[in-house]
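Presented below is the structure to which this report refers.
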Amino acid sequence: MTYCAVVLDNTSAELLKTLFRLGVLRHLGLEEEHSDPSKRHGFVFYTKNGDPLPHHMTICLGEFDTKLNTLDMLNEPACIWIDSIWIDLDLGVACAGVSDSTSLDGEVEVRSSNKHKHVTIALKGNAKPFESNKVLEKTPDESSDFECDCNIGPFTSGVLKLTLNSRVRLTGIVRSNL
């Protein structure tokens with residue numbers, strides 16, 4: 001299946017991984033490696049097929065849709081602004097909520113056919129990237145404003161939404177036929 005997306009550049013993908021790993025998971029008391037298995041988060045930054053995560057914000061499935069966006073956006077730089085991190089420990093999906101997506105100069109909106117614009121950050125277990133759509137449809141079991149010096153406390157199941165105190169800017173390129 002082909003799709004069109006704003007594909008993150010390496011710097012933005014690494015920034016999002018760092019925010020998730022060192023900011024969010026550490027404050028949840030979860031680590032990549034810990035002697036106590038209940039303290040290991042189990043999230044990975046790749047799909048079952050070995051494709052890297054985070055990778056993109058989907059614009060549409062199939063060919064580039066000129067009803068959503070103008071063709072002159074194709075292969076051009078774009079900005080994605082994230083304002084929240086969603087984690088569903090039951091599904092095993094972590095994603096970033098996108099508040100805005102625009103051309104690099106901020107003049108033109110990059111529209112998406114998804115009801116909730118997002119970037120899948122990480123998966124665990126048998127989770128699949130498309131399940132991020134399910135996470136954003138849920139009502140969070142817990143919600144918190146997120147600052148790097150806060151302690152959110154124990155969180156072992158359900159959906160957690162962390163609202164970032166300031167939006168984070170990511171950059172990428174609008175691509176088709178991925």
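Residue numbering restarts at 1 in every chain; chains get A, B, ... in the order shown in the structure tokens, and ligands count up from 1 in that same order.
Proximity to stretch 57-71 of chain A at 7 Å, evaluated using only C-alpha atoms and with sequence-adjacent residues fewer than 5 positions away removed, yields Met1, Thr2, Tyr3, Cys4, Ala5, Val6, Val7, Val110, Arg111, Ser112, Ser113, Lys117, His118, Val119, Ser176 and Asn177 of chain A.
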Exercise. Near A:Trp81, counting only C-alpha atoms, which residues have an atom at most 10 Å away, once you skip same-chain residues fewer than 2 positions from it, shown as JSON, numbers by chain?
Worked result: {"A": [79, 83, 84, 96, 97, 98, 99, 100, 101, 102, 118, 166, 167, 168, 169, 170, 171]}
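The nearest approach to A:Trp86 among the residues A:Gly125, A:Gly42, A:Gly158, A:Gly50, with only C-alpha atoms taken into account, belongs to A:Gly158.
Of the residues under consideration (A:Met73, A:Leu16, A:Ile82, A:Leu8), A:Met73 shows the shortest atom-to-atom contact distance to A:Val108 when counting only C-alpha atoms.
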Problem set entry | Contacts of A:Leu91 at 8 Å (only C-alpha atoms; same-chain gap of 2+ positions) as a PyMOL selection string | chain A and resi 88-89+93+127+131
Problem set entry | In stretch 36-164 of chain A, DSSP strand (DSSP E) residues written as a count of residues only | 46
Problem set entry | Residue among A:Val24, A:Leu123, A:Leu104, A:Val135 lying closest to A:Ala78, counting only C-alpha atoms | A:Leu104
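Nearest to A:Leu25 of all the residues A:Ala122, A:Phe130, A:Pro54, A:Lys138 is A:Ala122, counting only C-alpha atoms.
Near A:Asn10, within 9 Å and counting only C-alpha atoms, sit Ala13, Glu14, Leu15, His55 and Gly172 of chain A, not including residues fewer than 3 positions from it in the same chain.
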Please write the residues from the selection above to a file, keeping N, CA and C atoms, as a compact mmCIF listing (two decimals), in the first residue's frame.
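File again.txt, as written:
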```txt
# COMPACT_ATOMS: atom_id res chain seq x y z
N ALA A 13 13.39 13.38 13.92
CA ALA A 13 13.09 12.03 14.42
C ALA A 13 13.86 11.76 15.71
N GLU A 14 15.13 12.16 15.75
CA GLU A 14 15.94 11.96 16.96
C GLU A 14 15.44 12.82 18.11
N LEU A 15 15.01 14.05 17.83
CA LEU A 15 14.46 14.92 18.86
C LEU A 15 13.21 14.29 19.48
N HIS A 55 8.74 8.25 11.97
CA HIS A 55 9.08 8.41 10.56
C HIS A 55 8.31 9.53 9.87
N GLY A 172 10.39 18.24 8.00
CA GLY A 172 10.47 17.11 7.10
C GLY A 172 10.19 17.55 5.68
```
Exercise. Residues of chain A in alpha helix (DSSP H) according to DSSP, as a PyMOL selection string?
Worked result: chain A and resi 10-18+26-27+132-137
